[in-house]
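The data block below is structure-v7.cif; it holds mmCIF, C-alpha atoms and all ligand atoms.
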data_model
#
loop_
_atom_site.label_atom_id
_atom_site.label_comp_id
_atom_site.auth_asym_id
_atom_site.auth_seq_id
_atom_site.Cartn_x
_atom_site.Cartn_y
_atom_site.Cartn_z
CA MET J 1270 5.78 -10.35 25.23
CA SER J 1271 7.61 -13.38 23.89
CA PRO J 1272 10.78 -14.58 25.58
CA GLU J 1273 13.95 -13.56 23.77
CA ILE J 1274 12.05 -11.04 21.68
CA GLU J 1275 15.25 -8.92 21.52
CA ARG J 1276 16.75 -11.39 19.07
CA ALA J 1277 13.68 -11.07 16.84
CA GLU J 1278 13.96 -7.28 17.03
CA GLN J 1279 17.59 -7.42 15.90
CA GLU J 1280 16.69 -9.87 13.20
CA ALA J 1281 13.90 -7.61 11.89
CA VAL J 1282 16.52 -4.90 11.41
CA SER J 1283 19.04 -7.14 9.67
CA LEU J 1284 16.41 -8.86 7.50
CA THR J 1285 15.01 -5.49 6.39
CA SER J 1286 18.51 -4.42 5.39
CA GLU J 1287 19.21 -7.72 3.60
CA LEU J 1288 15.91 -7.52 1.70
CA ILE J 1289 16.68 -3.95 0.59
CA ARG J 1290 20.02 -5.18 -0.80
CA ILE J 1291 18.06 -7.44 -3.18
CA ASP J 1292 16.98 -4.98 -5.89
CA SER J 1293 13.41 -6.13 -6.64
CA THR J 1294 12.37 -3.21 -8.82
CA ASN J 1295 8.99 -3.53 -10.50
CA THR J 1296 8.45 -0.99 -13.27
CA GLY J 1297 5.23 -2.65 -14.37
CA ASP J 1298 6.97 -4.06 -17.45
CA PRO J 1299 7.77 -7.78 -16.94
CA GLU J 1300 10.76 -7.42 -19.33
CA THR J 1301 12.56 -5.18 -16.86
CA LEU J 1302 12.10 -7.41 -13.79
CA VAL J 1303 15.24 -7.94 -11.79
CA GLY J 1304 15.34 -9.41 -8.31
CA GLU J 1305 11.75 -10.15 -7.34
CA ARG J 1306 12.61 -13.82 -7.69
CA SER J 1307 15.75 -13.53 -5.53
CA ALA J 1308 13.76 -11.78 -2.80
CA ALA J 1309 11.17 -14.57 -2.81
CA GLU J 1310 13.90 -17.23 -2.74
CA PHE J 1311 15.59 -15.46 0.16
CA VAL J 1312 12.35 -15.52 2.18
CA ALA J 1313 11.55 -19.11 1.16
CA THR J 1314 14.99 -20.30 2.27
CA LYS J 1315 14.72 -18.60 5.67
CA LEU J 1316 11.27 -20.05 6.31
CA THR J 1317 12.22 -23.54 5.14
CA GLU J 1318 15.39 -23.59 7.24
CA ALA J 1319 13.29 -22.66 10.28
CA GLY J 1320 11.05 -25.69 9.65
CA TYR J 1321 8.09 -24.21 7.81
CA ALA J 1322 6.31 -26.01 5.00
CA ILE J 1323 5.94 -23.34 2.37
CA GLU J 1324 3.92 -22.84 -0.80
CA TYR J 1325 6.16 -21.33 -3.45
CA VAL J 1326 3.82 -20.07 -6.11
CA GLU J 1327 5.03 -18.93 -9.52
CA SER J 1328 2.31 -16.83 -11.01
CA GLY J 1329 1.25 -16.33 -14.58
CA GLY J 1330 4.22 -18.08 -16.15
CA ARG J 1331 5.94 -14.71 -15.94
CA ASP J 1332 8.71 -15.49 -13.55
CA ARG J 1333 6.81 -13.91 -10.67
CA HIS J 1334 7.18 -15.43 -7.23
CA ASN J 1335 5.06 -15.59 -4.07
CA VAL J 1336 5.79 -17.36 -0.79
CA ILE J 1337 2.98 -18.38 1.55
CA THR J 1338 3.09 -20.34 4.79
CA ARG J 1339 0.71 -21.08 7.62
CA LEU J 1340 1.50 -21.23 11.35
CA GLU J 1341 -1.21 -23.28 13.02
CA GLY J 1342 -2.98 -21.72 15.99
CA SER J 1343 -4.07 -23.37 19.22
CA ASP J 1344 -7.75 -23.03 18.34
CA ARG J 1345 -8.13 -24.20 14.78
CA THR J 1346 -11.90 -23.61 14.81
CA ARG J 1347 -11.22 -19.86 14.86
CA PRO J 1348 -10.85 -17.93 11.60
CA GLY J 1349 -7.28 -17.23 10.59
CA LEU J 1350 -5.32 -13.97 10.36
CA LEU J 1351 -3.43 -13.09 7.18
CA ILE J 1352 -0.25 -11.02 7.46
CA HIS J 1353 0.96 -10.04 4.01
CA GLY J 1354 3.74 -7.98 2.51
CA HIS J 1355 4.87 -7.33 -1.04
CA LEU J 1356 8.50 -7.97 -1.98
CA ASP J 1357 8.68 -5.69 -5.02
CA VAL J 1358 9.66 -2.03 -4.93
CA VAL J 1359 9.36 0.94 -7.26
CA PRO J 1360 12.46 2.11 -9.19
CA ALA J 1361 15.11 4.33 -7.59
CA GLU J 1362 17.71 6.53 -9.29
CA PRO J 1363 21.01 6.18 -7.35
CA SER J 1364 22.35 9.61 -8.41
CA GLU J 1365 19.49 11.32 -6.52
CA TRP J 1366 20.17 9.56 -3.20
CA SER J 1367 22.55 10.28 -0.29
CA VAL J 1368 23.25 6.52 -0.01
CA HIS J 1369 22.87 3.86 -2.70
CA PRO J 1370 19.17 2.92 -2.75
CA PHE J 1371 19.99 -0.80 -2.75
CA SER J 1372 22.71 -0.65 -0.10
CA GLY J 1373 20.46 -1.39 2.89
CA ALA J 1374 22.93 0.75 4.83
CA ILE J 1375 22.38 0.92 8.58
CA GLN J 1376 23.65 4.33 9.67
CA ASP J 1377 22.58 7.35 11.75
CA GLY J 1378 19.91 5.21 13.42
CA TYR J 1379 18.16 4.35 10.17
CA VAL J 1380 17.99 1.49 7.69
CA TRP J 1381 18.29 3.16 4.29
CA GLY J 1382 17.12 2.16 0.86
CA ARG J 1383 14.30 1.60 -1.57
CA GLY J 1384 11.63 -0.41 0.26
CA ALA J 1385 12.63 0.76 3.76
CA VAL J 1386 9.03 1.88 4.38
CA ASP J 1387 7.31 0.32 1.34
CA MET J 1388 7.48 -2.35 2.49
CA LYS J 1389 10.57 -4.36 3.28
CA ASP J 1390 10.31 -2.99 6.82
CA MET J 1391 7.13 -4.97 7.39
CA ASP J 1392 8.50 -7.94 5.43
CA GLY J 1393 11.49 -7.95 7.77
CA MET J 1394 9.32 -7.78 10.89
CA MET J 1395 6.97 -10.51 9.61
CA LEU J 1396 9.82 -12.79 8.69
CA ALA J 1397 11.66 -12.19 11.98
CA LEU J 1398 8.53 -13.07 13.98
CA ALA J 1399 7.74 -16.12 11.86
CA LEU J 1400 11.26 -17.43 12.55
CA HIS J 1401 10.99 -16.48 16.23
CA TYR J 1402 7.73 -18.42 16.73
CA LYS J 1403 9.11 -21.56 15.10
CA ARG J 1404 12.38 -21.31 17.04
CA HIS J 1405 10.57 -21.11 20.40
CA ASN J 1406 7.60 -23.33 19.52
CA ILE J 1407 5.25 -20.45 20.17
CA VAL J 1408 1.70 -21.26 19.09
CA PRO J 1409 -0.53 -18.26 18.36
CA PRO J 1410 -4.21 -18.36 19.39
CA ARG J 1411 -5.37 -18.78 15.80
CA ASP J 1412 -3.88 -19.69 12.43
CA ILE J 1413 -1.53 -17.09 11.02
CA VAL J 1414 -0.98 -17.07 7.25
CA PHE J 1415 2.22 -15.27 6.26
CA ALA J 1416 2.25 -14.19 2.60
CA PHE J 1417 5.19 -12.54 0.80
CA LEU J 1418 3.89 -11.32 -2.52
CA ALA J 1419 4.95 -10.22 -5.99
CA ASP J 1420 3.85 -7.33 -8.15
CA GLU J 1421 1.96 -5.07 -5.73
CA GLU J 1422 3.55 -1.98 -7.24
CA ALA J 1423 1.92 -2.73 -10.60
CA GLY J 1424 -1.50 -3.62 -9.17
CA GLY J 1425 -0.88 -7.19 -7.99
CA GLN J 1426 -1.92 -8.92 -11.19
CA TYR J 1427 0.87 -11.49 -10.67
CA GLY J 1428 0.73 -11.35 -6.89
CA ALA J 1429 -2.26 -10.96 -4.58
CA SER J 1430 -4.83 -10.78 -7.36
CA TRP J 1431 -3.43 -13.88 -9.08
CA LEU J 1432 -3.47 -15.87 -5.82
CA VAL J 1433 -7.00 -14.77 -4.89
CA GLU J 1434 -8.25 -15.90 -8.29
CA ARG J 1435 -6.32 -19.14 -8.69
CA ARG J 1436 -5.19 -20.26 -5.24
CA PRO J 1437 -7.91 -19.05 -2.85
CA GLU J 1438 -7.51 -22.22 -0.77
CA LEU J 1439 -4.25 -20.80 0.58
CA PHE J 1440 -6.37 -18.27 2.48
CA GLU J 1441 -9.04 -20.76 3.55
CA GLY J 1442 -10.74 -19.71 6.79
CA VAL J 1443 -9.00 -16.33 6.95
CA SER J 1444 -11.32 -13.55 8.14
CA GLU J 1445 -8.95 -10.62 8.69
CA ALA J 1446 -5.69 -9.30 7.30
CA ILE J 1447 -3.04 -6.75 8.19
CA SER J 1448 -0.40 -5.21 5.97
CA GLU J 1449 1.16 -1.92 4.89
CA VAL J 1450 0.51 1.82 5.21
CA GLY J 1451 -0.87 1.98 8.70
CA GLY J 1452 0.19 1.62 12.31
CA PHE J 1453 2.75 4.46 12.04
CA SER J 1454 2.75 7.30 14.55
CA VAL J 1455 2.11 10.97 13.92
CA THR J 1456 2.85 13.62 16.52
CA PHE J 1457 0.58 16.62 16.84
CA GLY J 1458 1.77 20.06 17.94
CA ASP J 1459 1.82 19.58 21.69
CA GLY J 1460 3.46 16.16 21.60
CA VAL J 1461 0.33 14.01 21.47
CA ARG J 1462 1.16 10.83 19.58
CA ALA J 1463 -1.43 8.93 17.56
CA TYR J 1464 -1.03 5.78 15.48
CA LEU J 1465 -2.96 5.80 12.22
CA ILE J 1466 -4.52 2.47 11.30
CA GLU J 1467 -5.71 2.17 7.72
CA THR J 1468 -9.34 1.05 7.51
CA ALA J 1469 -10.16 2.25 4.00
CA GLU J 1470 -8.59 2.88 0.60
CA LYS J 1471 -9.63 4.80 -2.45
CA GLY J 1472 -10.39 2.77 -5.57
CA ILE J 1473 -8.15 3.00 -8.62
CA ARG J 1474 -9.09 3.38 -12.27
CA TRP J 1475 -6.18 3.43 -14.64
CA LEU J 1476 -7.94 4.88 -17.60
CA LYS J 1477 -6.80 4.66 -21.25
CA LEU J 1478 -8.47 7.17 -23.53
CA ARG J 1479 -8.52 7.12 -27.31
CA ALA J 1480 -9.99 9.64 -29.75
CA HIS J 1481 -10.46 8.99 -33.45
CA GLY J 1482 -10.51 11.54 -36.26
CA ALA J 1483 -9.90 11.83 -39.96
CA PRO J 1484 -6.22 11.55 -40.97
CA GLY J 1485 -4.91 14.17 -43.33
CA HIS J 1486 -2.26 16.65 -44.46
CA GLY J 1487 -1.27 19.30 -41.92
CA SER J 1488 -1.57 22.08 -44.50
CA MET J 1489 -5.28 21.60 -45.20
CA VAL J 1490 -8.46 22.90 -43.57
CA HIS J 1491 -9.31 20.05 -41.21
CA LYS J 1492 -12.31 19.80 -38.87
CA ASP J 1493 -11.97 16.32 -37.38
CA ASN J 1494 -8.63 16.25 -35.53
CA ALA J 1495 -8.14 13.38 -33.04
CA VAL J 1496 -5.38 15.19 -31.10
CA ALA J 1497 -7.43 18.38 -30.70
CA LYS J 1498 -10.52 16.40 -29.71
CA LEU J 1499 -8.69 14.40 -27.05
CA ALA J 1500 -6.81 17.45 -25.77
CA ALA J 1501 -10.11 19.26 -25.23
CA ALA J 1502 -11.62 16.29 -23.34
CA VAL J 1503 -8.52 15.88 -21.17
CA THR J 1504 -8.50 19.62 -20.40
CA ARG J 1505 -12.14 19.47 -19.26
CA LEU J 1506 -11.19 16.59 -16.97
CA GLY J 1507 -8.08 18.39 -15.69
CA ASN J 1508 -10.06 21.52 -14.79
CA HIS J 1509 -12.81 19.60 -13.04
CA GLU J 1510 -13.09 19.40 -9.26
CA PHE J 1511 -14.95 16.40 -7.94
CA PRO J 1512 -17.23 17.08 -4.97
CA ILE J 1513 -16.00 16.87 -1.38
CA VAL J 1514 -17.34 13.74 0.32
CA LEU J 1515 -16.82 13.06 4.01
CA THR J 1516 -16.55 9.24 4.24
CA ASP J 1517 -17.04 7.43 7.55
CA SER J 1518 -13.30 6.75 7.87
CA LEU J 1519 -12.38 10.38 7.26
CA ARG J 1520 -15.05 11.64 9.66
CA GLU J 1521 -13.82 9.33 12.41
CA PHE J 1522 -10.22 10.40 11.77
CA LEU J 1523 -11.02 14.12 11.88
CA ASP J 1524 -13.17 13.71 15.01
CA GLY J 1525 -10.25 11.94 16.67
CA VAL J 1526 -7.80 14.68 15.68
CA SER J 1527 -10.22 17.33 16.99
CA GLU J 1528 -10.46 15.50 20.28
CA LEU J 1529 -6.67 15.22 20.58
CA THR J 1530 -5.70 18.70 19.46
CA GLY J 1531 -8.73 20.97 19.67
CA MET J 1532 -8.43 21.66 15.91
CA GLU J 1533 -11.75 22.21 14.14
CA PHE J 1534 -12.72 20.82 10.74
CA PRO J 1535 -15.89 22.66 9.70
CA GLU J 1536 -17.61 21.16 6.64
CA ASP J 1537 -17.67 24.51 4.86
CA ASP J 1538 -13.88 24.80 5.13
CA LEU J 1539 -12.71 21.21 5.10
CA GLU J 1540 -9.86 21.86 2.64
CA GLY J 1541 -8.56 24.90 4.47
CA SER J 1542 -8.63 23.24 7.87
CA ILE J 1543 -7.00 20.02 6.60
CA GLY J 1544 -4.29 22.24 5.09
CA LYS J 1545 -3.22 23.08 8.65
CA LEU J 1546 -2.32 19.45 9.43
CA GLY J 1547 1.38 19.92 8.58
CA ASN J 1548 3.02 16.86 7.03
CA LEU J 1549 -0.32 15.04 7.12
CA ALA J 1550 -2.10 17.65 4.99
CA ARG J 1551 -0.96 16.21 1.67
CA MET J 1552 -2.01 12.68 2.61
CA VAL J 1553 -5.35 13.59 4.18
CA GLY J 1554 -6.11 16.24 1.56
CA ALA J 1555 -6.14 13.53 -1.12
CA THR J 1556 -8.92 11.68 0.68
CA ILE J 1557 -11.69 14.28 0.62
CA ARG J 1558 -12.61 13.91 -3.05
CA ASP J 1559 -12.06 11.77 -6.15
CA THR J 1560 -9.12 12.77 -8.32
CA ALA J 1561 -8.33 12.23 -12.01
CA ASN J 1562 -4.81 13.18 -13.10
CA VAL J 1563 -3.69 12.93 -16.72
CA THR J 1564 -0.31 11.20 -16.78
CA MET J 1565 0.39 10.42 -20.46
CA PHE J 1566 -0.62 11.90 -23.81
CA ASN J 1567 0.34 10.56 -27.21
CA GLY J 1568 -0.70 11.41 -30.74
CA GLY J 1569 0.84 11.74 -34.13
CA TYR J 1570 4.21 10.92 -35.64
CA LYS J 1571 5.11 13.81 -37.93
CA SER J 1572 4.69 17.59 -37.81
CA ASN J 1573 2.74 17.86 -41.06
CA VAL J 1574 0.56 14.73 -40.73
CA ILE J 1575 -2.75 14.76 -38.84
CA PRO J 1576 -3.02 11.33 -37.20
CA SER J 1577 -6.22 9.31 -37.10
CA THR J 1578 -5.96 8.59 -33.35
CA ALA J 1579 -4.62 10.07 -30.13
CA THR J 1580 -4.35 8.39 -26.73
CA ALA J 1581 -4.01 9.47 -23.12
CA SER J 1582 -3.70 7.82 -19.70
CA VAL J 1583 -5.46 9.12 -16.62
CA ASP J 1584 -4.85 7.98 -13.04
CA CYS J 1585 -8.21 8.16 -11.24
CA ARG J 1586 -8.66 7.59 -7.49
CA ILE J 1587 -12.18 7.12 -6.21
CA LEU J 1588 -13.60 7.31 -2.69
CA PRO J 1589 -15.51 4.38 -1.18
CA GLY J 1590 -19.15 4.61 -2.28
CA ARG J 1591 -18.41 7.00 -5.18
CA GLU J 1592 -17.84 4.61 -8.09
CA ALA J 1593 -21.19 5.08 -9.91
CA ALA J 1594 -21.23 8.84 -9.35
CA PHE J 1595 -17.62 9.10 -10.53
CA GLU J 1596 -18.42 7.24 -13.75
CA ALA J 1597 -21.38 9.50 -14.47
CA GLU J 1598 -19.24 12.64 -14.00
CA LEU J 1599 -16.49 11.18 -16.16
CA ASP J 1600 -18.97 10.36 -18.96
CA ALA J 1601 -20.28 13.91 -18.95
CA LEU J 1602 -16.77 15.41 -19.02
CA LEU J 1603 -15.28 13.21 -21.73
CA GLY J 1604 -18.29 13.13 -24.00
CA PRO J 1605 -19.32 10.36 -26.39
CA ASP J 1606 -16.41 10.70 -28.85
CA VAL J 1607 -13.64 9.53 -26.54
CA GLU J 1608 -13.24 5.78 -26.20
CA ARG J 1609 -12.24 4.53 -22.76
CA LYS J 1610 -10.86 1.34 -21.26
CA TRP J 1611 -9.71 0.86 -17.71
CA LEU J 1612 -8.10 -1.34 -15.16
CA ALA J 1613 -10.33 -1.02 -12.10
CA LEU J 1614 -9.36 -1.85 -8.52
CA PRO J 1615 -12.19 -1.19 -6.08
CA PRO J 1616 -12.21 1.02 -2.99
CA VAL J 1617 -11.83 -0.79 0.34
CA GLU J 1618 -13.54 0.07 3.61
CA THR J 1619 -14.05 -1.65 6.95
CA SER J 1620 -15.16 -0.38 10.34
CA PHE J 1621 -12.79 0.49 13.17
CA ASP J 1622 -14.15 -1.93 15.73
CA GLY J 1623 -14.15 -5.51 16.96
CA ALA J 1624 -11.68 -7.74 18.79
CA ILE J 1625 -8.95 -7.26 16.17
CA VAL J 1626 -9.02 -3.47 16.56
CA ASP J 1627 -8.99 -3.87 20.36
CA ALA J 1628 -5.90 -6.07 20.01
CA MET J 1629 -4.15 -3.45 17.82
CA LYS J 1630 -4.93 -0.67 20.28
CA ALA J 1631 -3.82 -2.73 23.30
CA SER J 1632 -0.54 -3.80 21.67
CA ILE J 1633 0.30 -0.19 20.75
CA VAL J 1634 -0.53 1.14 24.21
CA ALA J 1635 1.49 -1.62 25.90
CA GLU J 1636 4.61 -0.35 24.07
CA ASP J 1637 3.72 3.37 24.00
CA PRO J 1638 1.57 4.18 27.06
CA GLY J 1639 -0.79 7.10 26.54
CA ALA J 1640 -0.66 6.88 22.75
CA ARG J 1641 -3.88 7.01 20.75
CA THR J 1642 -5.04 5.12 17.68
CA LEU J 1643 -7.10 6.58 14.84
CA PRO J 1644 -8.59 5.00 11.72
CA TYR J 1645 -7.80 6.66 8.42
CA LEU J 1646 -8.53 6.49 4.71
CA LEU J 1647 -5.56 5.90 2.39
CA SER J 1648 -5.55 7.78 -0.91
CA ALA J 1649 -3.45 5.08 -2.58
CA GLY J 1650 -4.11 1.35 -3.05
CA THR J 1651 -2.60 -1.85 -1.68
CA ASP J 1652 -3.08 -5.61 -2.04
CA ALA J 1653 -6.01 -5.22 0.40
CA LYS J 1654 -8.09 -4.63 -2.72
CA SER J 1655 -7.51 -8.22 -3.82
CA PHE J 1656 -8.02 -9.83 -0.42
CA GLN J 1657 -11.29 -7.95 0.02
CA ARG J 1658 -12.64 -10.16 -2.78
CA LEU J 1659 -12.36 -13.17 -0.42
CA GLY J 1660 -14.52 -11.39 2.18
CA ILE J 1661 -11.47 -10.59 4.32
CA ARG J 1662 -11.46 -7.43 6.49
CA ASN J 1663 -8.32 -5.43 5.78
CA PHE J 1664 -6.27 -3.14 7.96
CA GLY J 1665 -3.06 -1.24 7.36
CA PHE J 1666 -1.08 -2.14 10.47
CA SER J 1667 2.72 -2.14 10.14
CA PRO J 1668 3.52 -0.49 13.47
CA LEU J 1669 6.32 2.10 13.59
CA LYS J 1670 7.00 4.67 16.31
CA LEU J 1671 8.43 7.59 14.36
CA PRO J 1672 10.32 10.75 15.30
CA PRO J 1673 7.90 13.74 15.40
CA ASP J 1674 9.68 15.66 12.63
CA LEU J 1675 10.00 12.82 10.09
CA ASP J 1676 7.90 13.47 6.96
CA PHE J 1677 6.90 9.82 6.69
CA SER J 1678 4.44 10.03 3.80
CA ALA J 1679 7.13 11.70 1.64
CA LEU J 1680 9.37 8.62 2.04
CA PHE J 1681 6.95 6.34 0.14
CA HIS J 1682 8.45 5.98 -3.36
CA GLY J 1683 10.63 8.96 -2.34
CA ILE J 1684 14.31 9.78 -2.38
CA ASP J 1685 16.33 8.75 0.71
CA GLU J 1686 13.61 6.33 1.81
CA ARG J 1687 14.62 5.09 5.28
CA VAL J 1688 13.18 3.66 8.46
CA PRO J 1689 14.39 4.23 12.03
CA VAL J 1690 16.08 1.17 13.55
CA GLU J 1691 14.22 1.79 16.83
CA ALA J 1692 10.91 1.95 14.96
CA LEU J 1693 11.54 -1.52 13.50
CA LYS J 1694 12.29 -2.90 16.95
CA PHE J 1695 9.20 -1.21 18.36
CA GLY J 1696 7.07 -2.58 15.49
CA THR J 1697 8.36 -6.11 16.06
CA ARG J 1698 7.36 -5.95 19.74
CA VAL J 1699 3.93 -4.51 18.92
CA LEU J 1700 3.27 -7.10 16.21
CA ASP J 1701 4.34 -9.88 18.57
CA ARG J 1702 1.89 -8.68 21.22
CA PHE J 1703 -0.82 -8.27 18.60
CA ILE J 1704 -0.38 -11.74 17.09
CA ARG J 1705 -0.37 -13.38 20.51
CA ALA J 1706 -3.51 -11.46 21.59
CA SER J 1707 -5.54 -11.60 18.41
ZN ZN J 1801 3.60 -0.85 -0.74
#

Exercise: express the given structure as structure tokens:
Amino acid sequence: MSPEIERAEQEAVSLTSELIRIDSTNTGDPETLVGERSAAEFVATKLTEAGYAIEYVESGGRDRHNVITRLEGSDRTRPGLLIHGHLDVVPAEPSEWSVHPFSGAIQDGYVWGRGAVDMKDMDGMMLALALHYKRHNIVPPRDIVFAFLADEEAGGQYGASWLVERRPELFEGVSEAISEVGGFSVTFGDGVRAYLIETAEKGIRWLKLRAHGAPGHGSMVHKDNAVAKLAAAVTRLGNHEFPIVLTDSLREFLDGVSELTGMEFPEDDLEGSIGKLGNLARMVGATIRDTANVTMFNGGYKSNVIPSTATASVDCRILPGREAAFEAELDALLGPDVERKWLALPPVETSFDGAIVDAMKASIVAEDPGARTLPYLLSAGTDAKSFQRLGIRNFGFSPLKLPPDLDFSALFHGIDERVPVEALKFGTRVLDRFIRAS
């Protein structure tokens, strides 16, 4: 462990709180942007004051801000490691919370607020360690690229995706990356603790559907109604169950859980057995099949006028390896009359092996002896989707040792989002060991 790591641990806590106090809500509509810029400037100032040369990248002429810096390693012939975190957060409604979501309050052993687990916790740990290494002239074994990014919550168009397309040289020589939604602990019934490391993600299709029909008066006999046509197609989709597919990541995860707990996951009752996983059931249950949920439906403008078009939005999540099969099923369900356009972000998958995985396991065990690590498939998406396009292997590894009864997955985008202070300190120590060993 680094000398004086305690100061970095404290700093990770205070930086997480300070970052939460900067409301960086991203609704997906650039007009409503508030503090994403202030968050980026905060990080840029800290890094610059510590002596880093930074790249401050404004993306897309849309007032979006990204901060990237590189800490040179002792062996510059080795491929680099990218550690990235997004600075934006999803909206929060203060009246629903026990504390103000942008207070960054530190109380009852937690740092509270929007972004506490998604993902200003990791931003705080990354920033604290970056400052710590500069302060003590600590040189990691290989180049570390720290990236603080915009716009992840709306798909990364002005963040990771923008940088990968227009500034790929910033990630020159990087072979592997770590970021959010992994490295947190889960505790099984008899107190066995395992840390879940994300090795795969479902793909995303944000689908826009449009049906056309003949416009007309609502009092007439009318056979070609756009609203009715689209409603029927969307109902077929809503009633459809995509097939269960056991991906490599899910299989490895379930095998690991079986080994730790003795629970069985027979293929003919995968859903039922996953349902017994407690707080994990919801998260794991979403990774056994593709999903397509209708989220918006619009048509018409007056009660007695039949409109010529109707539109709907569908949020589709697709397992690794299922993209072509998913499209074929979707075509059959929607039929030829419904027009479709989509924003597609691909699934991500890497194997749970190699020196980097060994370093993750060793750094966890050094801080939590006897703990286990398991790979898992995330049902949601992260900026890993963009970095995969550069041939980078992606892992979700933002280590947190959590209390057994905390429903962690419910905190993501949830009310009373919070992170234990001790978990942040633990994560800072684990990340420090990992960076110095990787
Ligand atoms: Zn996130």

Give me, as JSON lines, each residue of chain J that comes within 10 Å of ligand ZN 1801 (chain J), together with its shortest interatomic pair and the distance in Å at one decimal, counting all atoms listed in the file, with rows ordered by chain and rising residue number.
{"residue": "J:Gly1354", "atom": "CA", "partner": "J:ZN1801", "partner_atom": "ZN", "distance": 7.8}
{"residue": "J:His1355", "atom": "CA", "partner": "J:ZN1801", "partner_atom": "ZN", "distance": 6.6}
{"residue": "J:Leu1356", "atom": "CA", "partner": "J:ZN1801", "partner_atom": "ZN", "distance": 8.7}
{"residue": "J:Asp1357", "atom": "CA", "partner": "J:ZN1801", "partner_atom": "ZN", "distance": 8.2}
{"residue": "J:Val1358", "atom": "CA", "partner": "J:ZN1801", "partner_atom": "ZN", "distance": 7.5}
{"residue": "J:Val1359", "atom": "CA", "partner": "J:ZN1801", "partner_atom": "ZN", "distance": 8.9}
{"residue": "J:Gly1384", "atom": "CA", "partner": "J:ZN1801", "partner_atom": "ZN", "distance": 8.1}
{"residue": "J:Val1386", "atom": "CA", "partner": "J:ZN1801", "partner_atom": "ZN", "distance": 7.9}
{"residue": "J:Asp1387", "atom": "CA", "partner": "J:ZN1801", "partner_atom": "ZN", "distance": 4.4}
{"residue": "J:Met1388", "atom": "CA", "partner": "J:ZN1801", "partner_atom": "ZN", "distance": 5.3}
{"residue": "J:Lys1389", "atom": "CA", "partner": "J:ZN1801", "partner_atom": "ZN", "distance": 8.8}
{"residue": "J:Met1391", "atom": "CA", "partner": "J:ZN1801", "partner_atom": "ZN", "distance": 9.8}
{"residue": "J:Asp1420", "atom": "CA", "partner": "J:ZN1801", "partner_atom": "ZN", "distance": 9.8}
{"residue": "J:Glu1421", "atom": "CA", "partner": "J:ZN1801", "partner_atom": "ZN", "distance": 6.7}
{"residue": "J:Glu1422", "atom": "CA", "partner": "J:ZN1801", "partner_atom": "ZN", "distance": 6.6}
{"residue": "J:Ser1448", "atom": "CA", "partner": "J:ZN1801", "partner_atom": "ZN", "distance": 8.9}
{"residue": "J:Glu1449", "atom": "CA", "partner": "J:ZN1801", "partner_atom": "ZN", "distance": 6.2}
{"residue": "J:Val1450", "atom": "CA", "partner": "J:ZN1801", "partner_atom": "ZN", "distance": 7.2}
{"residue": "J:Ala1649", "atom": "CA", "partner": "J:ZN1801", "partner_atom": "ZN", "distance": 9.4}
{"residue": "J:Gly1650", "atom": "CA", "partner": "J:ZN1801", "partner_atom": "ZN", "distance": 8.3}
{"residue": "J:Thr1651", "atom": "CA", "partner": "J:ZN1801", "partner_atom": "ZN", "distance": 6.4}
{"residue": "J:Asp1652", "atom": "CA", "partner": "J:ZN1801", "partner_atom": "ZN", "distance": 8.3}
{"residue": "J:Phe1681", "atom": "CA", "partner": "J:ZN1801", "partner_atom": "ZN", "distance": 8.0}
{"residue": "J:His1682", "atom": "CA", "partner": "J:ZN1801", "partner_atom": "ZN", "distance": 8.8}

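If only C-alpha atoms are the atoms counted, then among J:Leu1432, J:Val1626, J:Val1414, J:Ile1633 the closest residue to Arg1658 in chain J is J:Leu1432.
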
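Across J:Val1503, J:Met1489, J:Leu1302, J:Val1634, the tightest approach to Arg1462 in chain J is made by J:Val1634 when counting only C-alpha atoms.
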
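Using only C-alpha atoms for every distance, the candidate list J:Leu1350, J:Leu1284, J:Leu1599, J:Ala1429 yields J:Leu1599 as the residue closest to Glu1510 in chain J.
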
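Using only C-alpha atoms for every distance, the candidate list J:Arg1276, J:Ala1361, J:Pro1299, J:Glu1310 yields J:Arg1276 as the residue closest to Arg1404 in chain J.
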
Q. What's the 10 Å shell around range 1484-1486 of chain J, counting only C-alpha atoms, without same-chain residues fewer than 3 positions away, as a PyMOL selection string?
A. chain J and resi 1481+1489-1491+1493-1495+1569+1572-1578

Create the file for the chosen residues now, containing C-alpha atoms and written as a PDB file, keeping the file's coordinate frame.
ATOM      1  CA  HIS J1481     -10.460   8.990 -33.450  1.00  0.00           C
ATOM      2  CA  MET J1489      -5.280  21.600 -45.200  1.00  0.00           C
ATOM      3  CA  VAL J1490      -8.460  22.900 -43.570  1.00  0.00           C
ATOM      4  CA  HIS J1491      -9.310  20.050 -41.210  1.00  0.00           C
ATOM      5  CA  ASP J1493     -11.970  16.320 -37.380  1.00  0.00           C
ATOM      6  CA  ASN J1494      -8.630  16.250 -35.530  1.00  0.00           C
ATOM      7  CA  ALA J1495      -8.140  13.380 -33.040  1.00  0.00           C
ATOM      8  CA  GLY J1569       0.840  11.740 -34.130  1.00  0.00           C
ATOM      9  CA  SER J1572       4.690  17.590 -37.810  1.00  0.00           C
ATOM     10  CA  ASN J1573       2.740  17.860 -41.060  1.00  0.00           C
ATOM     11  CA  VAL J1574       0.560  14.730 -40.730  1.00  0.00           C
ATOM     12  CA  ILE J1575      -2.750  14.760 -38.840  1.00  0.00           C
ATOM     13  CA  PRO J1576      -3.020  11.330 -37.200  1.00  0.00           C
ATOM     14  CA  SER J1577      -6.220   9.310 -37.100  1.00  0.00           C
ATOM     15  CA  THR J1578      -5.960   8.590 -33.350  1.00  0.00           C
TER      16      THR J1578
END
